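Novice: Quick one: the structure is below, and I'll ask about it shortly.
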Protein chains: 2
Amino acid sequence: MDHTSKPPEMACPLPISDYPHVLMAHGGGGRLMHQLLSKVFYSAFANPLLDNHHDGAALQIGDGKIAFTTDGYVVQPMFFPGGDLGTLAVYGTVNDLAMCGARPAWLSAGFILEEGLPVETLTRVVESMRQAAQIAKVVIVTGDTKVVERGKCDGVFVTTAGVGVIEHGRTIGPTMIQPGDAVILSGDLGRHGMAIMAQREGLEFDTTIESDCAPLGEPVQALLEAGVDVHCLRDLTRGGLCSALVELSGQAQLGVRIEERKIPVDENVASACELLGLDPLYVANEGRMVAIVAAEHADRAVQTLQRFEVCAGSRIIGEIVKDHQDVILNGVLGVDRVLDMLSGEQLPRIC
Amino acid sequence: MDHTSKPPEMACPLPISDYPHVLMAHGGGGRLMHQLLSKVFYSAFANPLLDNHHDGAALQIGDGKIAFTTDGYVVQPMFFPGGDLGTLAVYGTVNDLAMCGARPAWLSAGFILEEGLPVETLTRVVESMRQAAQIAKVVIVTGDTKVVERGKCDGVFVTTAGVGVIEHGRTIGPTMIQPGDAVILSGDLGRHGMAIMAQREGLEFDTTIESDCAPLGEPVQALLEAGVDVHCLRDLTRGGLCSALVELSGQAQLGVRIEERKIPVDENVASACELLGLDPLYVANEGRMVAIVAAEHADRAVQTLQRFEVCAGSRIIGEIVKDHQDVILNGVLGVDRVLDMLSGEQLPRIC
């Protein structure tokens, strides 16, 4: 019995942050996850680098600077149109480094394997990692393997960590966001989440929905090399565009105003979302980001990003405002809607 | 069907490296694990840094140098005398950095949580990580949390990665080992493995066996600062002293000769090993290392290490020889015995 429990009359209904057990929703990228992070992790490990709540930490090494980040990958099914666990494990961490404005360079890979896993399955995942690393121009330099009994894990879990080199003097992060900044979205939304969900639910469309899973290191480097005044970058993974913007808005203590008609969603993705009752604004992506840049550099930023296939759909979707601290979506019919983070998870084990 | 499979008449009995499924033994630190690493990981990810097969990779950053490493932690039971999953997850990675001759500085932490896990259990693990990080003088700067369904993981798995700063110009690793070098062991063997096993098996002794789980960063830094000509360092985790020496011997293409009477084993640990039919030379430790140093610096190295409580039992246990490439144990009765790596695992999920 937890002696810090509240007396029974106060304990029910539980405040959202006081669930005594971990729920699937605690991993969903929404408000519950942030509450778990705050309550358990941030409070214990508090330090200025972690307190940035950014995709990674920037560390000074002699006269150089690196970004350091980690992510675990538990996606189910392990193989899906457009990628697999291995692809995700490389690109996901590469993208977190890119979001720190770093040139992704080195990865570590920790494998937890379930007894009885076909070695062929592991080999497929590893081969995908090899290919993805080659494409993203990173080297997997160190690793670890653990095996647990049958039924104590789910095939393969991979946790990658990444080190990237920061080759510029600027700070990139939520605290740099300014009123008036342009919000650029790098492409259409919801492919990754819907590729996974369509496979899980056995949905069929005219064409297969493929995950957008792709590395964002080169477009980000190009932005920086083009001299674009980049204030903040964020990839749109669990919780999608909406959760990312709500998070950034909170951290920057500024508002965001975006226009629905400027946000591209593929037709099949939109149909799948409708069938499953999901909002593409909240669906996970694995090759999309928002770049928040000085307004006067926005056009140059879009042109620079569009040179890369993965960012060909880049466009300005809105701006940062100072008169409120909400994320406001101006709908296709012209009506404003305040967007909030989801409480829990929309799509479990999406990455 | 794997089209690369051998024809049936050759497939049975399977060569040890050709098991079609992952076995518990593939995670045991023995020959099977090394075969899985070679067959699946090293062949796919081949690069000079990974090919070192060291505890971590040394990376050049501007005019500075860092070590980068990772380990997953799946120990069961999660809490044991002398430590817990959280303590291990910090010290294990700290020690891998130390073995690269780096000053451990920053850690990442990736958590995979099982739905239904008591938040209190997670909080205990995280609190242990906080304390361990403070003791080891490292900062946890970035992290990630995933949640999987009940029955798809085993409470908590933690994968930490670490970055350490290499503040000297020397290369430390198996390729630096020279004939005549002294082999120094930093303390008694087998505590960690036996602390876990005694708890699993419900064994009782006069005093509880406590894990030796501890950080080795400071003693290693002291060795380097004392100007000891350190050739190679290796912590004695899965597979114990014996597997570490067999591995190093193979990598250095040199022999090792150690004397059994110089290798300390606590009385309770020895009893537990006898009861369970285990050899302490193969049992996992989490706060022990071998330091292989130039013979003329060996006494200074031992004196330096003994200043630290965790290395108080340091002593020279043998030497590197060039007339063979085996690890030879000179037994208490004076008889020589060739030591080999175990094929599989002795103690599953020990870390």
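Each chain in the structure tokens gets a letter, A, B, ..., in the order shown, and its residues are numbered from 1; ligands are numbered from 1 in order too.
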Would you give me, as a ChimeraX atom specification, the residues of chain A that come within 7 Å of chain B, using only C-alpha atoms?

Specialist: /A:20-24,26-27,40-41,44-45,49-50,56-57,61-64,69-72,108,110,115-119,123,126-127,130,140-149,151-154,159,161,349

Novice: Enumerate as a PDB file with N, CA, C and O atoms, in the first residue's frame all residues of stretch 97-297 of chain A assigned to strand (DSSP E) by DSSP on the backbone, naming them with the chain letters and numbers the document uses.

Specialist:
```pdb
ATOM      1  N   ARG A 103      23.893  17.727 -37.379  1.00  0.00           N
ATOM      2  CA  ARG A 103      24.109  16.785 -38.475  1.00  0.00           C
ATOM      3  C   ARG A 103      24.211  15.394 -37.864  1.00  0.00           C
ATOM      4  O   ARG A 103      25.157  15.103 -37.142  1.00  0.00           O
ATOM      5  N   PRO A 104      23.182  14.547 -38.119  1.00  0.00           N
ATOM      6  CA  PRO A 104      23.194  13.213 -37.518  1.00  0.00           C
ATOM      7  C   PRO A 104      24.447  12.451 -37.948  1.00  0.00           C
ATOM      8  O   PRO A 104      24.791  12.459 -39.138  1.00  0.00           O
ATOM      9  N   ALA A 105      25.143  11.835 -37.012  1.00  0.00           N
ATOM     10  CA  ALA A 105      26.418  11.211 -37.363  1.00  0.00           C
ATOM     11  C   ALA A 105      26.541   9.766 -36.880  1.00  0.00           C
ATOM     12  O   ALA A 105      26.883   8.883 -37.658  1.00  0.00           O
ATOM     13  N   TRP A 106      26.248   9.513 -35.608  1.00  0.00           N
ATOM     14  CA  TRP A 106      26.496   8.175 -35.056  1.00  0.00           C
ATOM     15  C   TRP A 106      25.281   7.689 -34.269  1.00  0.00           C
ATOM     16  O   TRP A 106      24.645   8.461 -33.555  1.00  0.00           O
ATOM     17  N   LEU A 107      25.013   6.392 -34.382  1.00  0.00           N
ATOM     18  CA  LEU A 107      23.926   5.790 -33.600  1.00  0.00           C
ATOM     19  C   LEU A 107      24.436   4.615 -32.775  1.00  0.00           C
ATOM     20  O   LEU A 107      25.369   3.921 -33.173  1.00  0.00           O
ATOM     21  N   SER A 108      23.778   4.402 -31.643  1.00  0.00           N
ATOM     22  CA  SER A 108      23.913   3.146 -30.911  1.00  0.00           C
ATOM     23  C   SER A 108      22.600   2.398 -31.070  1.00  0.00           C
ATOM     24  O   SER A 108      21.558   3.007 -31.328  1.00  0.00           O
ATOM     25  N   ALA A 109      22.651   1.072 -30.904  1.00  0.00           N
ATOM     26  CA  ALA A 109      21.433   0.273 -31.046  1.00  0.00           C
ATOM     27  C   ALA A 109      21.389  -0.782 -29.951  1.00  0.00           C
ATOM     28  O   ALA A 109      22.277  -1.627 -29.865  1.00  0.00           O
ATOM     29  N   GLY A 110      20.369  -0.705 -29.112  1.00  0.00           N
ATOM     30  CA  GLY A 110      20.168  -1.711 -28.065  1.00  0.00           C
ATOM     31  C   GLY A 110      18.966  -2.569 -28.432  1.00  0.00           C
ATOM     32  O   GLY A 110      17.875  -2.042 -28.635  1.00  0.00           O
ATOM     33  N   PHE A 111      19.186  -3.874 -28.528  1.00  0.00           N
ATOM     34  CA  PHE A 111      18.126  -4.808 -28.916  1.00  0.00           C
ATOM     35  C   PHE A 111      17.658  -5.605 -27.706  1.00  0.00           C
ATOM     36  O   PHE A 111      18.484  -6.112 -26.959  1.00  0.00           O
ATOM     37  N   ILE A 112      16.342  -5.699 -27.525  1.00  0.00           N
ATOM     38  CA  ILE A 112      15.789  -6.653 -26.568  1.00  0.00           C
ATOM     39  C   ILE A 112      14.993  -7.657 -27.394  1.00  0.00           C
ATOM     40  O   ILE A 112      14.068  -7.285 -28.127  1.00  0.00           O
ATOM     41  N   LEU A 113      15.405  -8.918 -27.323  1.00  0.00           N
ATOM     42  CA  LEU A 113      14.840  -9.967 -28.181  1.00  0.00           C
ATOM     43  C   LEU A 113      14.040 -10.949 -27.342  1.00  0.00           C
ATOM     44  O   LEU A 113      14.409 -11.271 -26.217  1.00  0.00           O
ATOM     45  N   GLU A 114      12.957 -11.438 -27.945  1.00  0.00           N
ATOM     46  CA  GLU A 114      12.151 -12.452 -27.281  1.00  0.00           C
ATOM     47  C   GLU A 114      12.647 -13.839 -27.690  1.00  0.00           C
ATOM     48  O   GLU A 114      12.844 -14.105 -28.883  1.00  0.00           O
ATOM     49  N   VAL A 139      26.372   6.252 -38.937  1.00  0.00           N
ATOM     50  CA  VAL A 139      27.077   4.999 -38.717  1.00  0.00           C
ATOM     51  C   VAL A 139      26.644   4.428 -37.369  1.00  0.00           C
ATOM     52  O   VAL A 139      26.599   5.153 -36.375  1.00  0.00           O
ATOM     53  N   ILE A 140      26.296   3.150 -37.356  1.00  0.00           N
ATOM     54  CA  ILE A 140      25.923   2.485 -36.103  1.00  0.00           C
ATOM     55  C   ILE A 140      27.212   1.976 -35.478  1.00  0.00           C
ATOM     56  O   ILE A 140      27.841   1.055 -35.998  1.00  0.00           O
ATOM     57  N   VAL A 141      27.637   2.615 -34.385  1.00  0.00           N
ATOM     58  CA  VAL A 141      28.987   2.382 -33.883  1.00  0.00           C
ATOM     59  C   VAL A 141      29.058   1.532 -32.628  1.00  0.00           C
ATOM     60  O   VAL A 141      30.143   1.087 -32.239  1.00  0.00           O
ATOM     61  N   THR A 142      27.931   1.301 -31.974  1.00  0.00           N
ATOM     62  CA  THR A 142      27.980   0.514 -30.743  1.00  0.00           C
ATOM     63  C   THR A 142      26.595  -0.052 -30.473  1.00  0.00           C
ATOM     64  O   THR A 142      25.600   0.489 -30.969  1.00  0.00           O
ATOM     65  N   GLY A 143      26.531  -1.155 -29.755  1.00  0.00           N
ATOM     66  CA  GLY A 143      25.229  -1.779 -29.546  1.00  0.00           C
ATOM     67  C   GLY A 143      25.223  -2.753 -28.393  1.00  0.00           C
ATOM     68  O   GLY A 143      26.235  -2.954 -27.717  1.00  0.00           O
ATOM     69  N   ASP A 144      24.062  -3.341 -28.181  1.00  0.00           N
ATOM     70  CA  ASP A 144      23.894  -4.304 -27.083  1.00  0.00           C
ATOM     71  C   ASP A 144      22.719  -5.207 -27.416  1.00  0.00           C
ATOM     72  O   ASP A 144      21.780  -4.788 -28.085  1.00  0.00           O
ATOM     73  N   THR A 145      22.759  -6.439 -26.933  1.00  0.00           N
ATOM     74  CA  THR A 145      21.669  -7.392 -27.158  1.00  0.00           C
ATOM     75  C   THR A 145      21.304  -8.081 -25.853  1.00  0.00           C
ATOM     76  O   THR A 145      22.181  -8.561 -25.147  1.00  0.00           O
ATOM     77  N   LYS A 146      20.032  -8.075 -25.537  1.00  0.00           N
ATOM     78  CA  LYS A 146      19.534  -8.852 -24.403  1.00  0.00           C
ATOM     79  C   LYS A 146      18.434  -9.777 -24.924  1.00  0.00           C
ATOM     80  O   LYS A 146      17.737  -9.445 -25.880  1.00  0.00           O
ATOM     81  N   VAL A 147      18.289 -10.923 -24.274  1.00  0.00           N
ATOM     82  CA  VAL A 147      17.217 -11.854 -24.628  1.00  0.00           C
ATOM     83  C   VAL A 147      16.360 -12.086 -23.389  1.00  0.00           C
ATOM     84  O   VAL A 147      16.899 -12.293 -22.294  1.00  0.00           O
ATOM     85  N   VAL A 148      15.049 -12.024 -23.552  1.00  0.00           N
ATOM     86  CA  VAL A 148      14.133 -12.330 -22.442  1.00  0.00           C
ATOM     87  C   VAL A 148      13.244 -13.514 -22.841  1.00  0.00           C
ATOM     88  O   VAL A 148      13.109 -13.833 -24.029  1.00  0.00           O
ATOM     89  N   VAL A 156      10.852  -8.058 -31.062  1.00  0.00           N
ATOM     90  CA  VAL A 156      12.059  -7.230 -30.968  1.00  0.00           C
ATOM     91  C   VAL A 156      11.672  -5.839 -30.496  1.00  0.00           C
ATOM     92  O   VAL A 156      10.740  -5.241 -31.043  1.00  0.00           O
ATOM     93  N   PHE A 157      12.357  -5.330 -29.516  1.00  0.00           N
ATOM     94  CA  PHE A 157      12.307  -3.904 -29.194  1.00  0.00           C
ATOM     95  C   PHE A 157      13.697  -3.340 -29.495  1.00  0.00           C
ATOM     96  O   PHE A 157      14.701  -3.966 -29.157  1.00  0.00           O
ATOM     97  N   VAL A 158      13.737  -2.188 -30.110  1.00  0.00           N
ATOM     98  CA  VAL A 158      15.030  -1.555 -30.390  1.00  0.00           C
ATOM     99  C   VAL A 158      15.041  -0.173 -29.746  1.00  0.00           C
ATOM    100  O   VAL A 158      14.070   0.578 -29.884  1.00  0.00           O
ATOM    101  N   THR A 159      16.096   0.134 -29.031  1.00  0.00           N
ATOM    102  CA  THR A 159      16.285   1.499 -28.544  1.00  0.00           C
ATOM    103  C   THR A 159      17.563   2.034 -29.167  1.00  0.00           C
ATOM    104  O   THR A 159      18.636   1.459 -28.980  1.00  0.00           O
ATOM    105  N   THR A 160      17.414   3.083 -29.963  1.00  0.00           N
ATOM    106  CA  THR A 160      18.608   3.702 -30.536  1.00  0.00           C
ATOM    107  C   THR A 160      18.886   5.007 -29.807  1.00  0.00           C
ATOM    108  O   THR A 160      17.972   5.676 -29.331  1.00  0.00           O
ATOM    109  N   ALA A 161      20.149   5.336 -29.688  1.00  0.00           N
ATOM    110  CA  ALA A 161      20.534   6.677 -29.237  1.00  0.00           C
ATOM    111  C   ALA A 161      21.369   7.269 -30.360  1.00  0.00           C
ATOM    112  O   ALA A 161      21.919   6.533 -31.183  1.00  0.00           O
ATOM    113  N   GLY A 162      21.426   8.576 -30.424  1.00  0.00           N
ATOM    114  CA  GLY A 162      22.142   9.209 -31.518  1.00  0.00           C
ATOM    115  C   GLY A 162      23.004  10.360 -31.041  1.00  0.00           C
ATOM    116  O   GLY A 162      22.677  11.037 -30.061  1.00  0.00           O
ATOM    117  N   VAL A 163      24.108  10.539 -31.748  1.00  0.00           N
ATOM    118  CA  VAL A 163      24.968  11.699 -31.529  1.00  0.00           C
ATOM    119  C   VAL A 163      25.094  12.425 -32.864  1.00  0.00           C
ATOM    120  O   VAL A 163      25.388  11.802 -33.891  1.00  0.00           O
ATOM    121  N   GLY A 164      24.829  13.716 -32.845  1.00  0.00           N
ATOM    122  CA  GLY A 164      24.960  14.535 -34.044  1.00  0.00           C
ATOM    123  C   GLY A 164      25.892  15.696 -33.768  1.00  0.00           C
ATOM    124  O   GLY A 164      26.087  16.080 -32.609  1.00  0.00           O
ATOM    125  N   VAL A 165      26.449  16.234 -34.827  1.00  0.00           N
ATOM    126  CA  VAL A 165      27.392  17.330 -34.665  1.00  0.00           C
ATOM    127  C   VAL A 165      26.671  18.641 -34.964  1.00  0.00           C
ATOM    128  O   VAL A 165      26.016  18.778 -35.994  1.00  0.00           O
ATOM    129  N   ALA A 182       6.918  32.418 -38.869  1.00  0.00           N
ATOM    130  CA  ALA A 182       6.108  31.569 -39.750  1.00  0.00           C
ATOM    131  C   ALA A 182       6.202  30.121 -39.301  1.00  0.00           C
ATOM    132  O   ALA A 182       7.251  29.663 -38.856  1.00  0.00           O
ATOM    133  N   VAL A 183       5.065  29.411 -39.422  1.00  0.00           N
ATOM    134  CA  VAL A 183       5.032  27.977 -39.127  1.00  0.00           C
ATOM    135  C   VAL A 183       4.983  27.228 -40.453  1.00  0.00           C
ATOM    136  O   VAL A 183       4.025  27.370 -41.215  1.00  0.00           O
ATOM    137  N   ILE A 184       6.053  26.479 -40.732  1.00  0.00           N
ATOM    138  CA  ILE A 184       6.140  25.731 -41.989  1.00  0.00           C
ATOM    139  C   ILE A 184       5.934  24.252 -41.697  1.00  0.00           C
ATOM    140  O   ILE A 184       6.547  23.706 -40.783  1.00  0.00           O
ATOM    141  N   LEU A 185       5.064  23.633 -42.494  1.00  0.00           N
ATOM    142  CA  LEU A 185       4.845  22.184 -42.391  1.00  0.00           C
ATOM    143  C   LEU A 185       5.521  21.542 -43.595  1.00  0.00           C
ATOM    144  O   LEU A 185       5.381  22.025 -44.719  1.00  0.00           O
ATOM    145  N   VAL A 230      16.335  29.956 -38.389  1.00  0.00           N
ATOM    146  CA  VAL A 230      15.491  28.881 -37.851  1.00  0.00           C
ATOM    147  C   VAL A 230      15.382  29.051 -36.338  1.00  0.00           C
ATOM    148  O   VAL A 230      16.386  29.076 -35.643  1.00  0.00           O
ATOM    149  N   HIS A 231      14.161  29.170 -35.835  1.00  0.00           N
ATOM    150  CA  HIS A 231      13.981  29.321 -34.387  1.00  0.00           C
ATOM    151  C   HIS A 231      13.720  27.997 -33.688  1.00  0.00           C
ATOM    152  O   HIS A 231      14.243  27.756 -32.604  1.00  0.00           O
ATOM    153  N   CYS A 232      12.902  27.157 -34.320  1.00  0.00           N
ATOM    154  CA  CYS A 232      12.585  25.889 -33.672  1.00  0.00           C
ATOM    155  C   CYS A 232      12.188  24.853 -34.720  1.00  0.00           C
ATOM    156  O   CYS A 232      11.601  25.194 -35.748  1.00  0.00           O
ATOM    157  N   LEU A 233      12.530  23.619 -34.463  1.00  0.00           N
ATOM    158  CA  LEU A 233      12.168  22.504 -35.343  1.00  0.00           C
ATOM    159  C   LEU A 233      11.547  21.423 -34.473  1.00  0.00           C
ATOM    160  O   LEU A 233      11.994  21.183 -33.360  1.00  0.00           O
ATOM    161  N   ARG A 234      10.545  20.740 -34.991  1.00  0.00           N
ATOM    162  CA  ARG A 234       9.949  19.644 -34.225  1.00  0.00           C
ATOM    163  C   ARG A 234       9.377  18.611 -35.189  1.00  0.00           C
ATOM    164  O   ARG A 234       8.603  18.975 -36.086  1.00  0.00           O
ATOM    165  N   ASP A 235       9.776  17.362 -35.035  1.00  0.00           N
ATOM    166  CA  ASP A 235       9.172  16.328 -35.892  1.00  0.00           C
ATOM    167  C   ASP A 235       7.831  15.901 -35.305  1.00  0.00           C
ATOM    168  O   ASP A 235       7.605  15.997 -34.100  1.00  0.00           O
ATOM    169  N   GLY A 255       1.054  31.925 -28.710  1.00  0.00           N
ATOM    170  CA  GLY A 255      -0.014  31.243 -29.424  1.00  0.00           C
ATOM    171  C   GLY A 255       0.413  30.844 -30.825  1.00  0.00           C
ATOM    172  O   GLY A 255       1.424  31.322 -31.351  1.00  0.00           O
ATOM    173  N   VAL A 256      -0.367  29.935 -31.418  1.00  0.00           N
ATOM    174  CA  VAL A 256      -0.121  29.506 -32.794  1.00  0.00           C
ATOM    175  C   VAL A 256      -1.453  29.591 -33.530  1.00  0.00           C
ATOM    176  O   VAL A 256      -2.491  29.217 -32.980  1.00  0.00           O
ATOM    177  N   ARG A 257      -1.402  30.094 -34.739  1.00  0.00           N
ATOM    178  CA  ARG A 257      -2.609  30.164 -35.558  1.00  0.00           C
ATOM    179  C   ARG A 257      -2.312  29.482 -36.879  1.00  0.00           C
ATOM    180  O   ARG A 257      -1.394  29.876 -37.597  1.00  0.00           O
ATOM    181  N   ILE A 258      -3.049  28.411 -37.177  1.00  0.00           N
ATOM    182  CA  ILE A 258      -2.807  27.690 -38.426  1.00  0.00           C
ATOM    183  C   ILE A 258      -4.103  27.602 -39.231  1.00  0.00           C
ATOM    184  O   ILE A 258      -5.193  27.714 -38.672  1.00  0.00           O
ATOM    185  N   GLU A 259      -3.956  27.400 -40.547  1.00  0.00           N
ATOM    186  CA  GLU A 259      -5.132  27.360 -41.424  1.00  0.00           C
ATOM    187  C   GLU A 259      -5.342  25.964 -41.977  1.00  0.00           C
ATOM    188  O   GLU A 259      -4.462  25.405 -42.646  1.00  0.00           O
ATOM    189  N   MET A 289       7.931  17.425 -40.301  1.00  0.00           N
ATOM    190  CA  MET A 289       8.315  18.329 -39.211  1.00  0.00           C
ATOM    191  C   MET A 289       7.621  19.674 -39.385  1.00  0.00           C
ATOM    192  O   MET A 289       7.095  19.966 -40.461  1.00  0.00           O
ATOM    193  N   VAL A 290       7.608  20.446 -38.311  1.00  0.00           N
ATOM    194  CA  VAL A 290       7.334  21.865 -38.461  1.00  0.00           C
ATOM    195  C   VAL A 290       8.640  22.608 -38.246  1.00  0.00           C
ATOM    196  O   VAL A 290       9.434  22.264 -37.364  1.00  0.00           O
ATOM    197  N   ALA A 291       8.855  23.622 -39.076  1.00  0.00           N
ATOM    198  CA  ALA A 291       9.993  24.523 -38.902  1.00  0.00           C
ATOM    199  C   ALA A 291       9.402  25.889 -38.571  1.00  0.00           C
ATOM    200  O   ALA A 291       8.533  26.382 -39.307  1.00  0.00           O
ATOM    201  N   ILE A 292       9.825  26.449 -37.462  1.00  0.00           N
ATOM    202  CA  ILE A 292       9.341  27.774 -37.081  1.00  0.00           C
ATOM    203  C   ILE A 292      10.494  28.744 -37.314  1.00  0.00           C
ATOM    204  O   ILE A 292      11.555  28.627 -36.696  1.00  0.00           O
ATOM    205  N   VAL A 293      10.283  29.652 -38.277  1.00  0.00           N
ATOM    206  CA  VAL A 293      11.382  30.502 -38.748  1.00  0.00           C
ATOM    207  C   VAL A 293      10.943  31.963 -38.762  1.00  0.00           C
ATOM    208  O   VAL A 293       9.745  32.263 -38.771  1.00  0.00           O
TER     209      VAL A 293
END
```

Novice: Counting only C-alpha atoms, which of B:Met194, B:Cys100, B:Leu241, B:Ile209 gets nearest to B:Gly173?

Specialist: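 Selected residue with least distance to B:Gly173: B:Cys100.
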
Novice: Determine, counting only C-alpha atoms, which protein, DNA and RNA residues have an atom within 9 Å of an atom of A:Val220; residues of the same chain fewer than 4 positions away are not included. Present the result as a list in words.

Specialist: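 The neighbour list is Ala98, Met99, Gly101, Ala102, Arg103, Leu216, Leu224, Glu225, Leu233, Ala291 and Leu305 of chain A.
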
Novice: Kindly save the residues from that selection, with N, CA, C and O atoms included, as a CSV table (one decimal), in the first residue's frame.

Specialist:
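File produced: selection_23.csv:
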```
chain,number,residue,atom,x,y,z
A,98,ALA,N,18.3,15.9,-36.0
A,98,ALA,CA,18.0,17.0,-37.0
A,98,ALA,C,17.2,18.1,-36.3
A,98,ALA,O,17.5,19.3,-36.5
A,99,MET,N,16.3,17.7,-35.5
A,99,MET,CA,15.4,18.8,-34.8
A,99,MET,C,16.2,19.6,-33.8
A,99,MET,O,15.8,20.7,-33.5
A,101,GLY,N,19.0,20.7,-34.8
A,101,GLY,CA,19.9,21.5,-35.7
A,101,GLY,C,21.3,20.8,-35.9
A,101,GLY,O,22.2,21.4,-36.3
A,102,ALA,N,21.3,19.5,-35.5
A,102,ALA,CA,22.6,18.8,-35.6
A,102,ALA,C,22.7,18.0,-36.9
A,102,ALA,O,21.6,17.6,-37.5
A,103,ARG,N,23.9,17.7,-37.4
A,103,ARG,CA,24.1,16.8,-38.5
A,103,ARG,C,24.2,15.4,-37.9
A,103,ARG,O,25.2,15.1,-37.1
A,216,LEU,N,15.2,13.4,-42.0
A,216,LEU,CA,15.1,14.8,-42.2
A,216,LEU,C,16.4,15.6,-42.0
A,216,LEU,O,16.4,16.8,-42.0
A,224,LEU,N,19.8,25.5,-42.7
A,224,LEU,CA,20.8,26.2,-41.9
A,224,LEU,C,21.9,26.8,-42.8
A,224,LEU,O,22.3,27.9,-42.6
A,225,GLU,N,22.3,26.0,-43.8
A,225,GLU,CA,23.3,26.5,-44.7
A,225,GLU,C,22.8,27.6,-45.6
A,225,GLU,O,23.6,28.5,-46.0
A,233,LEU,N,12.5,23.6,-34.5
A,233,LEU,CA,12.2,22.5,-35.3
A,233,LEU,C,11.5,21.4,-34.5
A,233,LEU,O,12.0,21.2,-33.4
A,291,ALA,N,8.9,23.6,-39.1
A,291,ALA,CA,10.0,24.5,-38.9
A,291,ALA,C,9.4,25.9,-38.6
A,291,ALA,O,8.5,26.4,-39.3
A,305,LEU,N,13.5,23.8,-48.6
A,305,LEU,CA,12.9,22.5,-48.2
A,305,LEU,C,12.4,21.7,-49.4
A,305,LEU,O,12.6,20.5,-49.5
```

Novice: What is the atom CA of B:Glu286-atom CA of B:Leu342 distance in Å, reported with one decimal?

Specialist: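 Calculated distance between atom CA of B:Glu286 and atom CA of B:Leu342 is 18.7 Å.
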
Novice: Quick one: of A:Glu260, A:Glu201, A:Asp299, A:Asp84, who's nearest to A:Leu329, counting only C-alpha atoms?

Specialist: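 The answer is A:Glu260, which sits nearest to A:Leu329.
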
Novice: With distances taken over only C-alpha atoms, which of B:Ala132, B:Ala67, B:Leu97, B:Leu32 is nearest to B:Gly82?

Specialist: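 Result for the nearest residue to B:Gly82: B:Ala132.
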
Novice: Let's see if you can do this: from backbone DSSP, list all alpha helix (DSSP H) residues in stretch 205-278 of chain B, as a ChimeraX atom specification.

Specialist: /B:217-225,240-252,267-276

Novice: Excluding B:Gly287 and its own-chain neighbours fewer than 4 positions away, which residues fall within 8 Å of it when counting only C-alpha atoms? Please give them as a list in words.

Specialist: Asn95, Asp212, Cys213, Ala214, Pro215, Leu216, Asp235, Leu236 and Val310 of chain B

Novice: Could you take the residues named above and write them with all heavy atoms, as a short mmCIF file (atom, residue, chain, number, x, y, z; two decimals), in the first residue's frame?

Specialist:
```
data_model
loop_
_atom_site.label_atom_id
_atom_site.label_comp_id
_atom_site.auth_asym_id
_atom_site.auth_seq_id
_atom_site.Cartn_x
_atom_site.Cartn_y
_atom_site.Cartn_z
N ASN B 95 30.11 2.34 -16.52
CA ASN B 95 31.30 1.48 -16.54
C ASN B 95 31.78 1.20 -17.96
O ASN B 95 32.98 1.13 -18.20
CB ASN B 95 31.03 0.19 -15.77
CG ASN B 95 30.92 0.45 -14.27
OD1 ASN B 95 31.25 1.55 -13.80
ND2 ASN B 95 30.45 -0.52 -13.52
N ASP B 212 27.73 -6.38 -6.32
CA ASP B 212 28.89 -5.48 -6.29
C ASP B 212 28.65 -4.23 -7.14
O ASP B 212 29.56 -3.39 -7.28
CB ASP B 212 30.13 -6.20 -6.80
CG ASP B 212 29.96 -6.70 -8.23
OD1 ASP B 212 28.84 -7.11 -8.59
OD2 ASP B 212 30.93 -6.66 -8.99
N CYS B 213 27.46 -4.12 -7.69
CA CYS B 213 27.05 -3.02 -8.56
C CYS B 213 27.60 -1.64 -8.11
O CYS B 213 27.23 -1.14 -7.06
CB CYS B 213 25.52 -3.03 -8.53
SG CYS B 213 24.77 -1.90 -9.66
N ALA B 214 28.49 -1.05 -8.89
CA ALA B 214 29.13 0.21 -8.50
C ALA B 214 29.78 0.86 -9.70
O ALA B 214 30.13 0.17 -10.67
CB ALA B 214 30.18 -0.06 -7.43
N PRO B 215 29.97 2.18 -9.62
CA PRO B 215 30.58 2.88 -10.76
C PRO B 215 32.12 2.83 -10.70
O PRO B 215 32.69 2.97 -9.63
CB PRO B 215 30.09 4.31 -10.58
CG PRO B 215 29.87 4.47 -9.11
CD PRO B 215 29.53 3.11 -8.57
N LEU B 216 32.74 2.65 -11.86
CA LEU B 216 34.20 2.51 -11.93
C LEU B 216 34.86 3.72 -12.59
O LEU B 216 36.05 3.69 -12.91
CB LEU B 216 34.55 1.23 -12.69
CG LEU B 216 34.13 -0.08 -11.99
CD1 LEU B 216 34.21 -1.26 -12.96
CD2 LEU B 216 35.02 -0.33 -10.77
N ASP B 235 35.11 -4.38 -18.13
CA ASP B 235 34.31 -4.74 -16.95
C ASP B 235 33.78 -6.16 -17.10
O ASP B 235 33.61 -6.65 -18.21
CB ASP B 235 33.20 -3.72 -16.66
CG ASP B 235 32.28 -3.49 -17.84
OD1 ASP B 235 32.65 -3.86 -18.98
OD2 ASP B 235 31.18 -2.95 -17.64
N LEU B 236 33.54 -6.80 -15.99
CA LEU B 236 33.29 -8.25 -15.98
C LEU B 236 31.81 -8.52 -15.77
O LEU B 236 31.38 -8.90 -14.70
CB LEU B 236 34.11 -8.90 -14.86
CG LEU B 236 35.59 -8.51 -14.87
CD1 LEU B 236 36.32 -9.15 -13.70
CD2 LEU B 236 36.24 -8.89 -16.19
N VAL B 310 35.54 0.74 -4.01
CA VAL B 310 35.04 -0.23 -4.98
C VAL B 310 36.17 -1.10 -5.55
O VAL B 310 35.92 -2.19 -6.05
CB VAL B 310 34.26 0.48 -6.11
CG1 VAL B 310 35.15 1.45 -6.87
CG2 VAL B 310 33.65 -0.50 -7.08
#
```
